[in-house]
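> Just so it is clear, I am handing over protein-v2.pdb, which has PDB, C-alpha atoms.
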```
ATOM      1  CA  MET H   1      10.953  -9.409 -13.896
ATOM      2  CA  THR H   2      11.381  -6.978 -11.012
ATOM      3  CA  PRO H   3      13.926  -7.646  -8.220
ATOM      4  CA  GLN H   4      11.001  -8.392  -5.868
ATOM      5  CA  GLY H   5       9.609 -10.882  -8.367
ATOM      6  CA  ARG H   6      12.985 -12.653  -8.700
ATOM      7  CA  PHE H   7      13.315 -12.796  -4.907
ATOM      8  CA  MET H   8       9.816 -14.273  -4.487
ATOM      9  CA  SER H   9      10.351 -16.849  -7.249
ATOM     10  CA  ASN H  10      13.483 -18.175  -5.500
ATOM     11  CA  LEU H  11      11.516 -19.051  -2.354
ATOM     12  CA  ASP H  12       9.634 -22.304  -1.880
ATOM     13  CA  LYS H  13       5.899 -22.073  -1.183
ATOM     14  CA  LYS H  14       6.200 -22.407   2.608
ATOM     15  CA  GLN H  15       8.892 -19.719   2.796
ATOM     16  CA  ARG H  16       6.799 -17.500   0.535
ATOM     17  CA  ALA H  17       3.707 -18.063   2.720
ATOM     18  CA  LYS H  18       5.644 -17.165   5.868
ATOM     19  CA  LEU H  19       7.117 -14.060   4.263
ATOM     20  CA  ILE H  20       3.766 -12.901   2.930
ATOM     21  CA  PHE H  21       2.021 -13.582   6.254
ATOM     22  CA  ALA H  22       4.694 -11.558   8.071
ATOM     23  CA  ALA H  23       4.427  -8.732   5.526
ATOM     24  CA  VAL H  24       0.632  -8.633   5.796
ATOM     25  CA  THR H  25       0.751  -8.619   9.596
ATOM     26  CA  PHE H  26       3.409  -5.895   9.614
ATOM     27  CA  GLY H  27       1.527  -3.853   7.017
ATOM     28  CA  LEU H  28      -1.712  -4.046   8.970
ATOM     29  CA  ALA H  29       0.046  -3.014  12.187
ATOM     30  CA  VAL H  30       1.818  -0.071  10.543
ATOM     31  CA  GLY H  31      -1.366   0.954   8.741
ATOM     32  CA  ALA H  32      -3.370   0.847  11.964
ATOM     33  CA  LEU H  33      -0.808   2.984  13.787
ATOM     34  CA  ALA H  34      -0.629   5.495  10.941
ATOM     35  CA  TRP H  35      -4.407   5.666  10.804
ATOM     36  CA  GLN H  36      -4.681   6.364  14.535
ATOM     37  CA  PHE H  37      -1.906   8.983  14.519
ATOM     38  CA  ALA H  38      -3.541  10.703  11.540
ATOM     39  CA  GLY H  39      -6.699  11.250  13.581
ATOM     40  CA  GLY H  40      -8.635   8.230  12.403
ATOM     41  CA  GLY H  41      -8.557   6.744  15.881
ATOM     42  CA  ARG H  42     -11.157   9.127  17.291
ATOM     43  CA  GLY H  43     -13.883   6.537  17.009
ATOM     44  CA  GLU H  44     -13.890   2.794  17.208
ATOM     45  CA  PRO H  45     -11.278   1.278  14.860
ATOM     46  CA  VAL H  46     -12.878  -0.524  11.925
ATOM     47  CA  ASP H  47     -11.729  -2.925   9.259
ATOM     48  CA  TYR H  48     -13.048  -4.055   5.890
ATOM     49  CA  PHE H  49     -15.364  -7.067   5.847
ATOM     50  CA  TYR H  50     -17.183  -8.790   3.009
ATOM     51  CA  ASP H  51     -20.710 -10.236   3.067
ATOM     52  CA  LEU H  52     -20.469 -13.506   1.144
ATOM     53  CA  SER H  53     -24.170 -13.804   0.257
ATOM     54  CA  GLU H  54     -24.601 -10.168  -0.766
ATOM     55  CA  ARG H  55     -21.113  -9.867  -2.306
ATOM     56  CA  GLU H  56     -20.789  -6.511  -0.609
ATOM     57  CA  LEU H  57     -17.907  -4.782   1.161
ATOM     58  CA  PHE H  58     -18.700  -3.210   4.549
ATOM     59  CA  THR H  59     -16.898  -2.072   7.677
ATOM     60  CA  ALA H  60     -17.148  -3.546  11.149
ATOM     61  CA  PRO H  61     -15.219  -3.152  14.400
ATOM     62  CA  LYS H  62     -11.589  -4.198  14.019
ATOM     63  CA  ASP H  63     -11.881  -6.592  16.971
ATOM     64  CA  ALA H  64     -14.786  -8.506  15.384
ATOM     65  CA  VAL H  65     -13.960 -12.204  15.047
ATOM     66  CA  PRO H  66     -15.028 -13.532  11.651
ATOM     67  CA  PRO H  67     -17.254 -14.951  10.517
ATOM     68  CA  ILE H  68     -19.636 -12.242  11.743
ATOM     69  CA  ARG H  69     -23.200 -11.222  10.904
ATOM     70  CA  GLY H  70     -23.282  -9.770   7.393
ATOM     71  CA  VAL H  71     -25.154  -6.705   6.159
ATOM     72  CA  ASN H  72     -28.563  -8.160   5.366
ATOM     73  CA  ASP H  73     -29.606 -10.804   7.910
ATOM     74  CA  GLU H  74     -28.583 -12.788  10.987
ATOM     75  CA  ILE H  75     -26.411 -15.238   9.046
ATOM     76  CA  GLU H  76     -22.722 -15.098   9.966
ATOM     77  CA  ASP H  77     -21.383 -14.722   6.445
ATOM     78  CA  GLY H  78     -19.256 -11.624   6.998
ATOM     79  CA  VAL H  79     -15.536 -12.309   6.640
ATOM     80  CA  ARG H  80     -12.508 -10.030   6.801
ATOM     81  CA  ALA H  81     -11.544  -8.539   3.442
ATOM     82  CA  VAL H  82      -7.952  -7.616   2.688
ATOM     83  CA  VAL H  83      -8.348  -4.580   0.438
ATOM     84  CA  ILE H  84      -5.432  -3.206  -1.557
ATOM     85  CA  ALA H  85      -4.871   0.056  -3.397
ATOM     86  CA  LEU H  86      -3.520  -0.627  -6.852
ATOM     87  CA  ASP H  87      -2.255   2.955  -7.123
ATOM     88  CA  GLY H  88       0.028   2.510  -4.085
ATOM     89  CA  ASN H  89      -1.880   5.041  -1.963
ATOM     90  CA  PRO H  90      -3.413   3.505   1.202
ATOM     91  CA  ARG H  91      -5.678   6.554   1.609
ATOM     92  CA  THR H  92      -6.898   6.638  -1.980
ATOM     93  CA  ARG H  93     -10.424   7.905  -2.531
ATOM     94  CA  ASP H  94     -10.454   6.488  -6.051
ATOM     95  CA  ARG H  95     -12.752   3.456  -5.635
ATOM     96  CA  SER H  96     -11.536   2.056  -8.965
ATOM     97  CA  ALA H  97      -8.039   1.772  -7.457
ATOM     98  CA  LEU H  98      -9.333  -0.463  -4.637
ATOM     99  CA  LYS H  99      -9.455  -4.228  -5.001
ATOM    100  CA  VAL H 100     -10.376  -7.028  -2.613
ATOM    101  CA  ALA H 101      -7.151  -9.047  -2.699
ATOM    102  CA  TYR H 102      -8.459 -11.980  -0.682
ATOM    103  CA  LEU H 103     -10.899 -12.932   2.062
ATOM    104  CA  GLU H 104      -9.966 -14.216   5.493
ATOM    105  CA  THR H 105     -11.878 -16.013   8.242
ATOM    106  CA  ASN H 106     -11.255 -18.341  11.166
ATOM    107  CA  SER H 107     -11.980 -22.000  11.725
ATOM    108  CA  PRO H 108     -14.764 -22.563  14.290
ATOM    109  CA  GLU H 109     -12.132 -23.639  16.840
ATOM    110  CA  LEU H 110     -10.076 -20.464  16.404
ATOM    111  CA  LYS H 111     -13.158 -18.235  16.462
ATOM    112  CA  LEU H 112     -14.186 -19.808  19.778
ATOM    113  CA  MET H 113     -10.711 -19.251  21.258
ATOM    114  CA  PHE H 114     -10.574 -15.604  20.113
ATOM    115  CA  THR H 115     -14.099 -14.927  21.382
ATOM    116  CA  GLN H 116     -13.372 -16.496  24.785
ATOM    117  CA  ARG H 117     -10.150 -14.483  25.090
ATOM    118  CA  ARG H 118     -11.939 -11.229  24.257
ATOM    119  CA  ASP H 119     -14.685 -11.978  26.811
ATOM    120  CA  VAL H 120     -12.139 -12.700  29.557
ATOM    121  CA  MET H 121     -10.213  -9.504  28.780
ATOM    122  CA  GLU H 122     -13.392  -7.386  28.729
ATOM    123  CA  GLN H 123     -14.098  -8.621  32.272
ATOM    124  CA  GLY H 124     -10.642  -7.500  33.406
ATOM    125  CA  GLY H 125      -8.987 -10.901  33.168
ATOM    126  CA  GLN H 126      -5.748 -11.749  31.499
ATOM    127  CA  GLY H 127      -5.996 -13.149  28.006
ATOM    128  CA  MET H 128      -4.524 -16.516  27.194
ATOM    129  CA  ALA H 129      -1.611 -16.890  24.818
ATOM    130  CA  PHE H 130      -2.096 -18.689  21.527
ATOM    131  CA  ASP H 131       0.266 -20.975  19.676
ATOM    132  CA  ARG H 132       1.252 -19.026  16.557
ATOM    133  CA  ASN H 133       1.309 -22.145  14.377
ATOM    134  CA  PHE H 134      -2.188 -23.133  15.543
ATOM    135  CA  VAL H 135      -3.497 -19.641  14.722
ATOM    136  CA  ARG H 136      -1.944 -19.661  11.254
ATOM    137  CA  ALA H 137      -3.145 -23.191  10.534
ATOM    138  CA  HIS H 138      -6.704 -22.186  11.489
ATOM    139  CA  THR H 139      -6.674 -18.858   9.629
ATOM    140  CA  LEU H 140      -8.489 -19.560   6.385
ATOM    141  CA  VAL H 141      -8.227 -17.623   3.116
ATOM    142  CA  ARG H 142      -9.885 -17.699  -0.262
ATOM    143  CA  ALA H 143      -9.925 -15.641  -3.434
ATOM    144  CA  PRO H 144     -12.839 -13.164  -3.606
ATOM    145  CA  ASP H 145     -14.368 -15.135  -6.477
ATOM    146  CA  GLY H 146     -13.405 -18.550  -5.049
ATOM    147  CA  ASP H 147     -15.589 -21.109  -3.315
ATOM    148  CA  GLU H 148     -13.058 -23.041  -1.252
ATOM    149  CA  TRP H 149     -11.253 -21.969   1.927
ATOM    150  CA  PHE H 150      -7.609 -22.961   2.547
ATOM    151  CA  SER H 151      -5.320 -22.658   5.546
ATOM    152  CA  ILE H 152      -3.053 -19.661   5.105
ATOM    153  CA  MET H 153      -0.158 -22.078   5.690
ATOM    154  CA  SER H 154      -1.088 -24.371   2.790
ATOM    155  CA  ASP H 155       0.382 -24.048  -0.690
ATOM    156  CA  GLU H 156      -3.034 -22.952  -1.990
ATOM    157  CA  GLY H 157      -3.340 -20.368   0.803
ATOM    158  CA  ALA H 158       0.135 -19.019   0.041
ATOM    159  CA  ASP H 159      -0.803 -18.602  -3.626
ATOM    160  CA  ILE H 160      -3.990 -16.721  -2.692
ATOM    161  CA  VAL H 161      -2.190 -14.346  -0.318
ATOM    162  CA  ALA H 162       0.690 -13.790  -2.778
ATOM    163  CA  VAL H 163      -1.500 -11.432  -4.812
ATOM    164  CA  ILE H 164      -0.641  -8.600  -2.408
ATOM    165  CA  ALA H 165       3.021  -8.785  -3.405
ATOM    166  CA  GLU H 166       2.430  -8.699  -7.161
ATOM    167  CA  PRO H 167       3.084  -5.344  -8.823
ATOM    168  CA  GLY H 168       0.125  -3.814 -10.633
ATOM    169  CA  PRO H 169       0.035  -2.874 -14.324
ATOM    170  CA  ASP H 170       1.997   0.320 -13.600
ATOM    171  CA  GLY H 171       4.723  -1.613 -11.729
ATOM    172  CA  LYS H 172       3.702  -0.293  -8.303
ATOM    173  CA  VAL H 173       3.379  -2.784  -5.474
ATOM    174  CA  PRO H 174      -0.152  -2.530  -4.035
ATOM    175  CA  VAL H 175      -0.606  -1.426  -0.431
ATOM    176  CA  ILE H 176      -3.130  -2.690   2.107
ATOM    177  CA  CYS H 177      -5.912  -0.209   2.856
ATOM    178  CA  ILE H 178      -7.656   0.439   6.135
ATOM    179  CA  PRO H 179     -11.028   2.206   6.002
TER     180      PRO H 179
END
```
So that I can check it, write out the structure of this file as structure tokens.

Amino acid sequence: MTPQGRFMSNLDKKQRAKLIFAAVTFGLAVGALAWQFAGGGRGEPVDYFYDLSERELFTAPKDAVPPIRGVNDEIEDGVRAVVIALDGNPRTRDRSALKVAYLETNSPELKLMFTQRRDVMEQGGQGMAFDRNFVRAHTLVRAPDGDEWFSIMSDEGADIVAVIAEPGPDGKVPVICIP
């Protein structure tokens, strides 16, 4: 077992969930900054999304609040997809090295709060602050092939998100990709 694996196995599920959530958030922030500094920020920033009915990966504006309209109709079945590169290269062009690690969406209550905040800020107002625990409790995750959504703070949610910390077959820890 790798040192990272031993470290993760010594944590209880709640500690592991918090650590993974922090790592994902940090990774996304660093990835977004690197992407913009590398010239990717010329247009509107985008993120990976997944159409649940079509089972298809697509990109949408980064500030979209899932669930959003998918690729084929007016149904809001587009959710954020956390995509990892199994080869450790966040800019890989090898599609076989990409994998949807898990899917993420918001509860209806959280989606409403995020949407209202965005609308207020677009009109020049000041956005409201959110309780971090409320946001995490209402952030829902599921495995790409799963049917049930779980709070990211639940034991089941922690297990789903933990896949991003598991080394691949070559021993490399996967990295989160940004389109």
> Leaving out H:Glu122 and any residue of its chain fewer than 6 positions from it, which residues lie within 12 Å of it when counting all atoms listed in the file, given as a PDB file with C-alpha atoms, keeping the file's coordinate frame?

```pdb
ATOM      1  CA  ASP H  63     -11.881  -6.592  16.971  1.00  0.00           C
ATOM      2  CA  THR H 115     -14.099 -14.927  21.382  1.00  0.00           C
ATOM      3  CA  GLN H 116     -13.372 -16.496  24.785  1.00  0.00           C
TER       4      GLN H 116
END
```
> To one decimal in Å, tell me the separation between atom CA of H:Glu156 and atom CA of H:Phe58.
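Separation between atom CA of H:Glu156 and atom CA of H:Phe58: 26.0 Å.
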> Near stretch 84-90 of chain H, within 6 Å and counting only C-alpha atoms, which residues show up once chain neighbours fewer than 3 positions away are dropped, as a list in words?
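Near neighbours after the sequence-gap exclusion: Ala97, Leu98, Lys99, Pro174, Val175, Ile176 and Cys177 of chain H.
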> Can you write out the residues you just picked, keeping C-alpha atoms, as a compact mmCIF listing (two decimals), in the frame of the given file?

```txt
# COMPACT_ATOMS: atom_id res chain seq x y z
CA ALA H 97 -8.04 1.77 -7.46
CA LEU H 98 -9.33 -0.46 -4.64
CA LYS H 99 -9.46 -4.23 -5.00
CA PRO H 174 -0.15 -2.53 -4.04
CA VAL H 175 -0.61 -1.43 -0.43
CA ILE H 176 -3.13 -2.69 2.11
CA CYS H 177 -5.91 -0.21 2.86
```
> At a cut-off of 9 Å, using all atoms listed in the file, what residues contact H:Tyr102? Leave out same-chain residues fewer than 2 positions from it and give the result as JSON, numbers by chain.
{"H": [80, 81, 82, 83, 99, 100, 104, 141, 142, 143, 144, 145, 160, 161, 163, 164]}
> Record the distance separating atom CA of H:Glu56 and atom CA of H:Trp149, expressed in Å with one decimal.
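Atom CA of H:Glu56 sits 18.3 Å away from atom CA of H:Trp149.
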> Enumerate, as an MDAnalysis selection string, the residues matched when the PyMOL selection byres ((chain H and resi 46) around 6) is run on the file above.
chainID H and resid 45 47 60:62
> Tell me, in Å to one decimal, how far atom CA of H:Pro108 is from atom CA of H:Ala64.
14.1 Å
> Using all atoms listed in the file, pick whichever of H:Asp147, H:Glu166, H:Glu109, H:Asp51 has the shortest atom-to-atom distance to H:Val79.
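Between H:Asp147, H:Glu166, H:Glu109, H:Asp51, the residue approaching H:Val79 most closely is H:Asp51.
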